[in-house]
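> Here it is, the structure in full.
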Amino acid sequence: MKKKAPRNKTICLTGKETAAYAAKTIRLTKPAALSEVLNKTICQDALKALDFLPDACADLLIADPPYNLTKIFGKSTFKEMDFDAYKLWLDKWLSKTVRLLKENASIYICADWKTSIAIPEIAGKYFILQNRISWEREKGRGALNNWKNCLEDIWFFTKGRNYKFNLDAVKVQRPVIAPYRDENGHPKDWIDDGKNKYRLTAPSNIWTDISIPFWSMPENTPHPTQKPEKLIAKLILASSDAGDVVLDPFLGSGTTSVTAKKLGRNYIGIEREKEYAAIAEKRLENAEQNRVIQGYENGVFRARNFI
């Protein structure tokens with residue numbers, strides 16, 4: 001393995017380490033009880049593994065499926081399809097999740113600008129659409145003959161009309177520009193902690209405070225479409241309680257499971273590629289000692305680059 005620069009914190013495994021961590025994952029060949037899959041990484045194709053999970057096992061579903069692009073994931077390649085074929089593929093795995101979710105469960109599905117239009121059509125057959133979150137993915141070079149693509153969506157659905165939404169858990173810390181005080185000189189609707197003056201505000205469905213993992217961040221991995229822990233933390237905190245079960249059928253390098261663990265939730269993660277499943281296990285091991293989520297401090301989400 002090539003030696004990394006001193007400040008490069010990317011999680012990379014040797015072949016021997018990959019084999020060792022992959023050995024901690026499981027594979028399902030028959031219907032499993034919750035105790036058999038809880039807090040496990042299932043190294044298997046989601047279309048097969050979902051059939052073996054128990055009914056009503058999850059309080060929250062977070063899915064980051066491959067977008068309809070030709071992209072290499074480990075030793076496999078997801079190939080771009082005809083758009084109708086892609087919608088059929090979405091339907092194939094989404095339909096399998098319905099029985100796995102509790103009646104008050106929430107569902108978040110990630111998409112890029114191009115595949116985003118298919119999500120409400122397909123998921124809307126099974127779930128109730130509540131909102132669409134658009135977040136700024138500021139990374140990569142610009143195109144020569146098009147606008148630089150820096151936008152991704154997360155579609156928010158619920159299984160029923162009654163669902164969890166913990167507003168206070170996801171309020172955003174914003175710097176105060178005009179720090180008004182009352183007649184006694186006390187901060188008016190803002191907080192002064194001695195170092196910063198800030199206000200806690202309700203989050204909107206437009207997020208511009210997310211930093212994509214890069215080489216000097218401890219959560220960074222070689223996965224080509226890794227989501228940030230801060231992004232997933234918002235979804236988990238808003239739509240689950242401590243001890244709830246978070247299901248991710250396209251786990252990748254483990255962000256959902258790791259973030260769930262750091263926030264006191266249980267998890268079930270499914271990842272087809274051995275390399276990424278092994279990295280997920282390594283990150284879960286690291287989370288035993290370090291539960292820090294960059295950008296989330298003392299129960300508050302900080303604005304990007306806020307000092």
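Please note that chains go A, B, ... in the order of the structure tokens, that every chain numbers its residues from 1, and that ligands are numbered from 1 in the order shown.
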Considering only C-alpha atoms, return as a list of chain:residue names whatever protein or nucleic-acid residues lie within 6 Å of stretch 105-121 of chain A, sequence-local ones (same chain, fewer than 2 positions apart) excluded.

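Non-adjacent residues within range: A:Asp59, A:Leu60, A:Leu61, A:Ile62, A:Ala63, A:Asp64, A:Leu101, A:Lys102, A:Glu103, A:Ala123, A:Gly124, A:Glu152, A:Asp153, A:Ile154, A:Trp155, A:Phe156, A:Phe157, A:Thr158, A:Lys159.
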
> Identify, on the basis of only C-alpha atoms, every residue whose closest approach to A:Phe73 does not exceed 8 Å; exclude the query and any residue fewer than 2 positions from it along the same chain; express the result as an MDAnalysis selection string.

chainID A and resid 71 75:78 223:224 273

> For the selection you just gave me, I'd like the residues written to a file as a CSV table (one decimal), in the first residue's frame, keeping C-alpha atoms.


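part_15.csv written:
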chain,number,residue,atom,x,y,z
A,71,LYS,CA,-19.8,4.1,-12.1
A,75,LYS,CA,-15.0,-4.7,-8.2
A,76,SER,CA,-18.5,-4.1,-9.7
A,77,THR,CA,-19.8,-1.5,-12.2
A,78,PHE,CA,-23.3,-0.1,-12.1
A,223,HIS,CA,-15.7,5.0,-1.8
A,224,PRO,CA,-16.6,7.2,-4.8
A,273,GLU,CA,-18.9,-5.1,-2.1

> Residues within 10 Å of stretch 47-52 of chain A, please, as a PDB file with N, CA and C atoms, in the first residue's frame. Count only C-alpha atoms; anything in the same chain fewer than 4 positions from it doesn't count.


ATOM      1  N   ARG A  27     -23.849 -13.066   5.997  1.00  0.00           N
ATOM      2  CA  ARG A  27     -24.565 -13.299   4.744  1.00  0.00           C
ATOM      3  C   ARG A  27     -25.809 -14.110   5.073  1.00  0.00           C
ATOM      4  N   LEU A  28     -26.953 -13.726   4.526  1.00  0.00           N
ATOM      5  CA  LEU A  28     -28.212 -14.383   4.856  1.00  0.00           C
ATOM      6  C   LEU A  28     -28.607 -15.390   3.786  1.00  0.00           C
ATOM      7  N   THR A  29     -29.026 -16.561   4.229  1.00  0.00           N
ATOM      8  CA  THR A  29     -29.484 -17.597   3.303  1.00  0.00           C
ATOM      9  C   THR A  29     -30.893 -18.075   3.634  1.00  0.00           C
ATOM     10  N   LYS A  30     -31.446 -17.552   4.729  1.00  0.00           N
ATOM     11  CA  LYS A  30     -32.800 -17.918   5.139  1.00  0.00           C
ATOM     12  C   LYS A  30     -33.343 -16.786   6.008  1.00  0.00           C
ATOM     13  N   PRO A  31     -34.650 -16.752   6.243  1.00  0.00           N
ATOM     14  CA  PRO A  31     -35.229 -15.693   7.087  1.00  0.00           C
ATOM     15  C   PRO A  31     -34.524 -15.608   8.434  1.00  0.00           C
ATOM     16  N   ALA A  32     -34.207 -14.380   8.835  1.00  0.00           N
ATOM     17  CA  ALA A  32     -33.436 -14.173  10.052  1.00  0.00           C
ATOM     18  C   ALA A  32     -34.271 -13.461  11.111  1.00  0.00           C
ATOM     19  N   ALA A  33     -33.976 -13.734  12.366  1.00  0.00           N
ATOM     20  CA  ALA A  33     -34.579 -13.010  13.482  1.00  0.00           C
ATOM     21  C   ALA A  33     -33.852 -11.681  13.646  1.00  0.00           C
ATOM     22  N   VAL A  37     -29.509  -9.996  12.943  1.00  0.00           N
ATOM     23  CA  VAL A  37     -29.081  -8.964  11.995  1.00  0.00           C
ATOM     24  C   VAL A  37     -28.853  -7.612  12.641  1.00  0.00           C
ATOM     25  N   ILE A  42     -24.335  -6.709   6.561  1.00  0.00           N
ATOM     26  CA  ILE A  42     -24.672  -7.853   5.718  1.00  0.00           C
ATOM     27  C   ILE A  42     -23.983  -7.652   4.364  1.00  0.00           C
ATOM     28  N   CYS A  43     -23.019  -8.483   4.064  1.00  0.00           N
ATOM     29  CA  CYS A  43     -22.266  -8.355   2.807  1.00  0.00           C
ATOM     30  C   CYS A  43     -22.970  -9.189   1.739  1.00  0.00           C
ATOM     31  N   TRP A  89     -35.971  -0.845 -11.705  1.00  0.00           N
ATOM     32  CA  TRP A  89     -34.981  -1.291 -10.718  1.00  0.00           C
ATOM     33  C   TRP A  89     -35.264  -0.653  -9.355  1.00  0.00           C
ATOM     34  N   LYS A  92     -38.140  -2.401  -7.788  1.00  0.00           N
ATOM     35  CA  LYS A  92     -37.839  -3.777  -7.392  1.00  0.00           C
ATOM     36  C   LYS A  92     -37.343  -3.849  -5.953  1.00  0.00           C
ATOM     37  N   TRP A  93     -36.435  -2.943  -5.570  1.00  0.00           N
ATOM     38  CA  TRP A  93     -35.932  -3.007  -4.196  1.00  0.00           C
ATOM     39  C   TRP A  93     -36.793  -2.214  -3.218  1.00  0.00           C
ATOM     40  N   LEU A  94     -37.386  -1.104  -3.674  1.00  0.00           N
ATOM     41  CA  LEU A  94     -38.218  -0.315  -2.766  1.00  0.00           C
ATOM     42  C   LEU A  94     -39.442  -1.101  -2.291  1.00  0.00           C
ATOM     43  N   LYS A  96     -39.660  -4.100  -1.646  1.00  0.00           N
ATOM     44  CA  LYS A  96     -39.259  -5.073  -0.637  1.00  0.00           C
ATOM     45  C   LYS A  96     -39.116  -4.443   0.755  1.00  0.00           C
ATOM     46  N   THR A  97     -39.001  -3.134   0.826  1.00  0.00           N
ATOM     47  CA  THR A  97     -38.770  -2.484   2.118  1.00  0.00           C
ATOM     48  C   THR A  97     -40.057  -2.229   2.896  1.00  0.00           C
ATOM     49  N   ARG A  99     -42.618  -4.030   4.001  1.00  0.00           N
ATOM     50  CA  ARG A  99     -42.940  -4.897   5.129  1.00  0.00           C
ATOM     51  C   ARG A  99     -41.899  -4.797   6.244  1.00  0.00           C
ATOM     52  N   LEU A 100     -40.723  -4.258   5.938  1.00  0.00           N
ATOM     53  CA  LEU A 100     -39.647  -4.184   6.921  1.00  0.00           C
ATOM     54  C   LEU A 100     -39.780  -2.986   7.850  1.00  0.00           C
ATOM     55  N   PRO A 249     -29.980  -0.162   2.930  1.00  0.00           N
ATOM     56  CA  PRO A 249     -29.755  -1.283   2.005  1.00  0.00           C
ATOM     57  C   PRO A 249     -28.605  -1.073   1.026  1.00  0.00           C
ATOM     58  N   ILE A 270     -26.606  -3.109   4.675  1.00  0.00           N
ATOM     59  CA  ILE A 270     -26.398  -4.091   3.603  1.00  0.00           C
ATOM     60  C   ILE A 270     -25.464  -3.486   2.566  1.00  0.00           C
ATOM     61  N   GLU A 271     -24.385  -4.191   2.264  1.00  0.00           N
ATOM     62  CA  GLU A 271     -23.433  -3.719   1.257  1.00  0.00           C
ATOM     63  C   GLU A 271     -22.908  -4.896   0.447  1.00  0.00           C
ATOM     64  N   ARG A 272     -23.007  -4.802  -0.855  1.00  0.00           N
ATOM     65  CA  ARG A 272     -22.628  -5.898  -1.741  1.00  0.00           C
ATOM     66  C   ARG A 272     -21.123  -6.082  -1.853  1.00  0.00           C
TER      67      ARG A 272
END

> Go through stretch 73-269 of chain A and collect every residue that DSSP, computed from the backbone, puts in strand (DSSP E or B); the answer should be as a VMD selection string.

chain A and resid 73 76 to 78 101 to 112 128 to 136 151 to 158 172 to 175 181 187 191 to 192 197 to 201 206 to 207 245 to 248 266 to 269

> Please give the complete set of residues from stretch 203-277 of chain A that DSSP, run on the backbone, assigns to alpha helix (DSSP H), formatted as a PyMOL selection string.

chain A and resi 229-239+255-262+274-277

> A:Ala278: which residues within 6 Å, counting only C-alpha atoms, same-chain residues fewer than 4 positions away excluded, as a VMD selection string?

chain A and resid 18 21 to 22

> Kindly export the residues of the current selection with C-alpha atoms, as a PDB file, in the first residue's frame.


ATOM      1  CA  THR A  18      -9.896  -6.365   4.306  1.00  0.00           C
ATOM      2  CA  TYR A  21     -12.838  -7.125   8.701  1.00  0.00           C
ATOM      3  CA  ALA A  22     -14.938  -8.769   6.000  1.00  0.00           C
TER       4      ALA A  22
END

> Set the distance at 9 Å and use only C-alpha atoms: which residues neighbour A:Glu138 once local chain neighbours fewer than 6 positions away are removed? I'd like the list as JSON, numbers by chain.

{"A": [149, 150, 151, 208, 210, 211, 212]}

> Counting only C-alpha atoms, which residues of stretch 122-231 of chain A fall within 12 Å of stretch 261-265 of chain A, and what is the closest atom pair for each with its distance in Å at one decimal, ordered by chain and rising number, as a tab-separated table?


residue	atom	partner	partner_atom	distance
A:Ala169	CA	A:Leu263	CA	11.3
A:Glu229	CA	A:Lys262	CA	9.8
A:Lys230	CA	A:Leu263	CA	11.2

> With N, CA and C atoms retained, could you export that selection as a PDB file, in the first residue's frame?


ATOM      1  N   ALA A 169     -33.818  18.548  17.936  1.00  0.00           N
ATOM      2  CA  ALA A 169     -32.569  17.798  17.756  1.00  0.00           C
ATOM      3  C   ALA A 169     -31.791  18.240  16.523  1.00  0.00           C
ATOM      4  N   GLU A 229     -20.991  12.119   7.369  1.00  0.00           N
ATOM      5  CA  GLU A 229     -21.659  11.739   8.603  1.00  0.00           C
ATOM      6  C   GLU A 229     -22.601  12.843   9.073  1.00  0.00           C
ATOM      7  N   LYS A 230     -22.223  14.091   8.893  1.00  0.00           N
ATOM      8  CA  LYS A 230     -23.076  15.201   9.314  1.00  0.00           C
ATOM      9  C   LYS A 230     -24.412  15.173   8.586  1.00  0.00           C
TER      10      LYS A 230
END

> Using only C-alpha atoms, which protein or nucleic acid residues come within 12 Å of A:Arg7? Drop anything in the same chain fewer than 4 positions from it, and give the result as a PyMOL selection string.

chain A and resi 3+214-218

> List as a PyMOL selection string the protein and nucleic acid residues near A:Leu235, meaning an atom at most 9 Å away when only C-alpha atoms are counted, but skip any in the same chain fewer than 3 places from it.

chain A and resi 62+108+170+231-232+238-240

> Which is closest to A:Asn286 among A:Asp84, A:Glu136, A:Asp168, A:Glu219, if we use only C-alpha atoms?

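Smallest distance to A:Asn286 is found for A:Glu219.
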
> Report, in Å to a single decimal, how far apart atom CA of A:Asp241 and atom CA of A:Ile191 are.

26.5 Å
